[in-house]
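J.: Supplied in structure tokens, the structure appears directly below.
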Amino acid sequence: MSVFESERTGLPQREEATPGSGRVGFFTDTTVCIGCKACEVACKEWNQLPDDGMFFTGMSYDNTVALGASTWRHVEFIERPVPLGGQITGAGNFSWLLMSDVCKHCQRAGCLENCPTGAIVRTEFDTVYVQPDVCNGCGYCIVGCPFGVIDRREEDGRAWKCTMCYDRLKDDMTPACAKACPTDSIQFGDLDQLQEAARIRLQTLHERGVSEAYLYGVDQANQPGTEGLNAFFLLVDRPEVYNLPPDPVVPSKKVGAAWASMVLAAAGMAAAAFAAVLAGRDEKPQ
Amino acid sequence: MSSSGDGRNVDPSLGVLEGEGAEQATPSDRVVTKGGPPLEVWDRMPSSDGGGRDDPTYFDRPVLKRPVWKWYVPAYFAVGGAAGAAAALGAAAQLADRRGLDGLIRRCRWVAAAGGAVGTVLLIADLGKPGRFLNMLRVVRPSSPMNVGSWVLAIVAPAAAGSAALSRPGGITGFAGDLSGLMSGAAGLPLAGYTAVLVANTAVPVWQGARRTAPPVFVASAMSAAASLLQLMKLTDREERIVRRFAVMGAAADLASEFALEREAGRVERVAKSLHEGRSGALLTASKSLIAGSLVMNLAPGRWRWKRVLAGILGALGAVAVKFGIMEAGTASAADPRATFHQQRAGLGGAEATGRPAVAAPPN
């Protein structure tokens, strides 16, 4: 595993990487994902998350459906009627896209900025963490997330999402999903080094003829709406295909207009109230 | 599977529950497959690319999570708005010309006090952990309209209750009541409008896409609601005229701003879809008809009591329908992945705020 990694990225192996900025993240390279769901299982097991129902969906091999309160990694199975760049298929125009989705730990996190209780915090590792002992289950983070990641478990009443294995990070360990990934599709490490590794990988893919590859959310320049994702992706089709928003934005970047409009409307109501009282002053008696 | 029955399959004699998600509660006696998958039954090959290459989705699954709020929250939008507008009208009457308006001021204060109390209860009931409602006031966080609103409500509700209890004029108690009335009136202005900012500050396409026009809709329907409730009460002739004028202004502003909201959201056709179709579309159409009805009743000549009462009932129902309609529209919009995709592809995602769209396609 480590041989392939160093060959591919030309960087020191993960275990040897020295923490630089203290900011960590995931680089999910979807081109090497094989859809084994080891990340989903490792996440459930390590974090001791309950299941959220066992059922057959008919959505390819995806019976997990979506990220949710008790599903913090989700492997998508996309059956495409087009081949991958440079690929020759024996079965007509077809290609698989596989992707392990996760909380993006945005630099400007909608959930964190919306949280009215301060339950959602940014940790010393630059990740976004929900403190379960503070969350009062108001549900405002859920509509604040532009990626539809965080959710409330009905029976529990609180909002939950990926913690990037905060407990493991504190012990200097790799998050469970990245540790379990057999192909290093999920790479964990220092954010600066991951960004560098991702750019090198992208260049390699372009050289090999996979010209449709690009990075999603790697930094602020790449995704100004969120100012970059700590868990970013390498994709080979439009974001919509992976159920990712093409131009996500933290809602608070736009809310100034709503506040301004509210101030005007409130001033209007005050004026209307005075006008209603004063207009009839002359017709007083009775 | 039988070891703990909580969906974790951890044998308590072999493993300790102390993971990050170990606290997450599940019913101990649940049936794992109860209710089947949270999906509609497929009517076509699920693996086929339904939207084609031009407009793809992931099996039509929502990209966003739907709001988890129950009916309490839109009900609070209506009740809290009415409380804020009533407090504002009461304070205006108190400041502008209070002679002969003691009855109106008292009724405004009671509407505000009742709205503040009922609204607080509704909000607490909607929490996943109602016992932790005081955590709302644990921090001051301007980036969260819900936090700002909690503070506003924490001022209005007690102030309005105090002003209502001390609404007999004169003396030190009357002075304290007047002071509370002014305080709740001033804080009632944002109380009527912050809920619109609250829904605008989300990723839900129709709410985000209507963020400039949602506040006037919320404030105007709050005016209509407060005036409508007052119209159901006993008022002097002059008070009746004041309330009617307030109702007319509220209803007219509501109709105009609902129209403007449809235009603002309608910049992207798919985003406005939920304003016109389904339950949300029906509720919003009903709200416009009801409020237009109350406007006609209030403007029509004649001074019968039944006319005033009818206008009040129509206006109050209309104001409630607006809030439930906006809520339902948001839920439908969040469930539609194409609403998000089309909005952002039309340049109304991150690019609208930052001037630069995200990298969202392979380089050519």
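In the structure tokens, the first chain shown is A, the next is B, and so on; residue numbers restart at 1 for each chain, and ligands run from 1 in the order shown.
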Do a neighbour search on range 178-182 of chain B at 9 Å with only C-alpha atoms, toss out local chain neighbours closer than 4 positions, and write the hits as a tab-separated table (two decimals) with C-alpha atoms, in the first residue's frame.
T.:
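Heads up, here's the output in out_2.tsv:
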chain	number	residue	atom	x	y	z
B	87	ALA	CA	-46.15	44.96	20.28
B	88	ALA	CA	-45.01	47.47	17.67
B	90	GLY	CA	-49.10	49.07	20.88
B	91	ALA	CA	-45.85	50.95	21.37
B	92	ALA	CA	-46.64	53.28	18.46
B	94	GLN	CA	-48.42	54.64	23.31
B	95	LEU	CA	-45.87	57.05	21.86
B	105	ILE	CA	-52.72	49.47	23.87
B	109	ARG	CA	-49.88	44.09	24.82
B	156	VAL	CA	-39.89	40.44	23.76
B	158	PRO	CA	-40.92	38.81	29.17
B	159	ALA	CA	-41.24	42.50	28.26
B	160	ALA	CA	-44.60	41.93	26.58
B	161	ALA	CA	-45.82	39.84	29.51
B	162	GLY	CA	-44.75	42.57	31.93
B	163	SER	CA	-46.35	45.31	29.87
B	164	ALA	CA	-49.61	43.37	29.67
B	166	LEU	CA	-48.95	46.29	34.18
B	167	SER	CA	-51.17	47.83	31.53
B	169	PRO	CA	-51.92	53.48	33.37
B	173	THR	CA	-46.49	50.18	37.95
B	174	GLY	CA	-48.03	51.98	34.99
B	186	ALA	CA	-38.86	48.03	19.71
B	187	ALA	CA	-37.75	44.40	19.90
J.: Quick one: pick out all alpha helix (DSSP H) residues within range 321-355 of chain B from a backbone DSSP run and write them as an MDAnalysis selection string.
T.: chainID B and resid 321:334 337:343 350:354
J.: Give me the residues within 7 Å of Ala231 in chain A as number ranges by chain, counting only C-alpha atoms and dropping any in the same chain fewer than 2 places off.
T.: A: 25-27, 104-105, 229, 233
J.: Env of Gly225 in chain A: 6 Å cut, atoms = only C-alpha atoms, seq-sep filter 2 positions within chain, self excluded. Answer as a list in words.
T.: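 Counting only the stated atoms, we get Gln223, Glu227, Pro248 and Val249 of chain A; Gly350 of chain B.
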J.: Excluding same-chain residues fewer than 6 positions from range 123-135 of chain B, what lies within 12 Å of it counting only C-alpha atoms, as a ChimeraX atom specification?
T.: /A:115-119,132-140,151-160 /B:25,67-77,79-80,115-117,146-147,149-151,153-154
J.: Please measure the separation of CA of Ala279 in chain A and CA of Lys288 in chain B, giving the value in Å to one decimal.
T.: 26.9 Å
J.: Can you pull out the residues contacting Leu275 in chain B? Cut-off 9 Å, using only C-alpha atoms, and skip same-chain residues under 5 positions away; I want them as JSON, numbers by chain.
T.: {"B": [206, 262, 265, 280, 281, 282, 284, 285, 325, 326, 328, 329, 330, 333]}
J.: Emit the selected residues as a PDB file, in the first residue's frame, including N, CA and C atoms.
T.:
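As a result, out36.pdb now contains:
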ATOM      1  N   VAL B 206     -34.982  27.598  -2.638  1.00  0.00           N
ATOM      2  CA  VAL B 206     -36.025  28.618  -2.762  1.00  0.00           C
ATOM      3  C   VAL B 206     -35.896  29.664  -1.657  1.00  0.00           C
ATOM      4  N   GLU B 262     -42.109  35.727  -5.601  1.00  0.00           N
ATOM      5  CA  GLU B 262     -42.193  34.787  -6.727  1.00  0.00           C
ATOM      6  C   GLU B 262     -41.278  35.226  -7.865  1.00  0.00           C
ATOM      7  N   ALA B 265     -37.481  34.534  -6.637  1.00  0.00           N
ATOM      8  CA  ALA B 265     -37.160  33.101  -6.712  1.00  0.00           C
ATOM      9  C   ALA B 265     -37.244  32.623  -8.155  1.00  0.00           C
ATOM     10  N   SER B 280     -47.216  23.209  -1.112  1.00  0.00           N
ATOM     11  CA  SER B 280     -46.739  24.562  -0.848  1.00  0.00           C
ATOM     12  C   SER B 280     -47.399  25.553  -1.800  1.00  0.00           C
ATOM     13  N   GLY B 281     -47.521  25.163  -3.059  1.00  0.00           N
ATOM     14  CA  GLY B 281     -48.173  26.045  -4.024  1.00  0.00           C
ATOM     15  C   GLY B 281     -49.618  26.315  -3.624  1.00  0.00           C
ATOM     16  N   ALA B 282     -50.316  25.274  -3.185  1.00  0.00           N
ATOM     17  CA  ALA B 282     -51.711  25.443  -2.784  1.00  0.00           C
ATOM     18  C   ALA B 282     -51.827  26.361  -1.574  1.00  0.00           C
ATOM     19  N   LEU B 284     -49.722  28.717  -0.634  1.00  0.00           N
ATOM     20  CA  LEU B 284     -49.388  30.105  -0.964  1.00  0.00           C
ATOM     21  C   LEU B 284     -50.506  30.755  -1.775  1.00  0.00           C
ATOM     22  N   THR B 285     -51.129  29.976  -2.662  1.00  0.00           N
ATOM     23  CA  THR B 285     -52.279  30.510  -3.394  1.00  0.00           C
ATOM     24  C   THR B 285     -53.403  30.842  -2.417  1.00  0.00           C
ATOM     25  N   GLY B 325     -46.893  27.849   3.959  1.00  0.00           N
ATOM     26  CA  GLY B 325     -46.570  27.706   2.536  1.00  0.00           C
ATOM     27  C   GLY B 325     -45.085  27.872   2.277  1.00  0.00           C
ATOM     28  N   ILE B 326     -44.480  28.883   2.921  1.00  0.00           N
ATOM     29  CA  ILE B 326     -43.037  29.104   2.743  1.00  0.00           C
ATOM     30  C   ILE B 326     -42.257  27.913   3.293  1.00  0.00           C
ATOM     31  N   GLU B 328     -43.319  24.759   3.611  1.00  0.00           N
ATOM     32  CA  GLU B 328     -43.507  23.606   2.719  1.00  0.00           C
ATOM     33  C   GLU B 328     -42.713  23.784   1.432  1.00  0.00           C
ATOM     34  N   ALA B 329     -42.659  25.005   0.934  1.00  0.00           N
ATOM     35  CA  ALA B 329     -41.901  25.260  -0.287  1.00  0.00           C
ATOM     36  C   ALA B 329     -40.428  24.938  -0.073  1.00  0.00           C
ATOM     37  N   GLY B 330     -39.916  25.297   1.095  1.00  0.00           N
ATOM     38  CA  GLY B 330     -38.525  24.991   1.407  1.00  0.00           C
ATOM     39  C   GLY B 330     -38.279  23.495   1.475  1.00  0.00           C
ATOM     40  N   SER B 333     -38.328  22.166  -2.004  1.00  0.00           N
ATOM     41  CA  SER B 333     -37.169  22.647  -2.744  1.00  0.00           C
ATOM     42  C   SER B 333     -35.898  21.903  -2.328  1.00  0.00           C
TER      43      SER B 333
END
J.: Name the closest residue to chain B among the candidates A:Met54, A:Leu169, A:Val210, A:Val32; distances are taken between atoms, counting only C-alpha atoms.
T.: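 Result for the nearest residue to chain B: A:Met54.
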J.: Which residues, written as number ranges by chain, have at least one atom at most 7 Å from Cys39 in chain A, with only C-alpha atoms counted and residues fewer than 4 positions away on the same chain left out?
T.: A: 43, 73, 177-178, 180-181
J.: What is the CA of Val197 in chain B to CA of Pro142 in chain B distance in Å?
T.: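 So the two atoms, CA of Val197 in chain B and CA of Pro142 in chain B, lie 11.9 Å apart.
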J.: May I have all residues of range 62-213 of chain A that DSSP, computed from the backbone, assigns to strand (DSSP E), given as a PyMOL selection string?
T.: chain A and resi 73-80+95-102+120-122+128-130+151-152+159-160+186-190
J.: Can you measure CA of Arg308 in chain B to CA of Gly119 in chain B for me? One decimal in Å is fine.
T.: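 The value is 25.9 Å.
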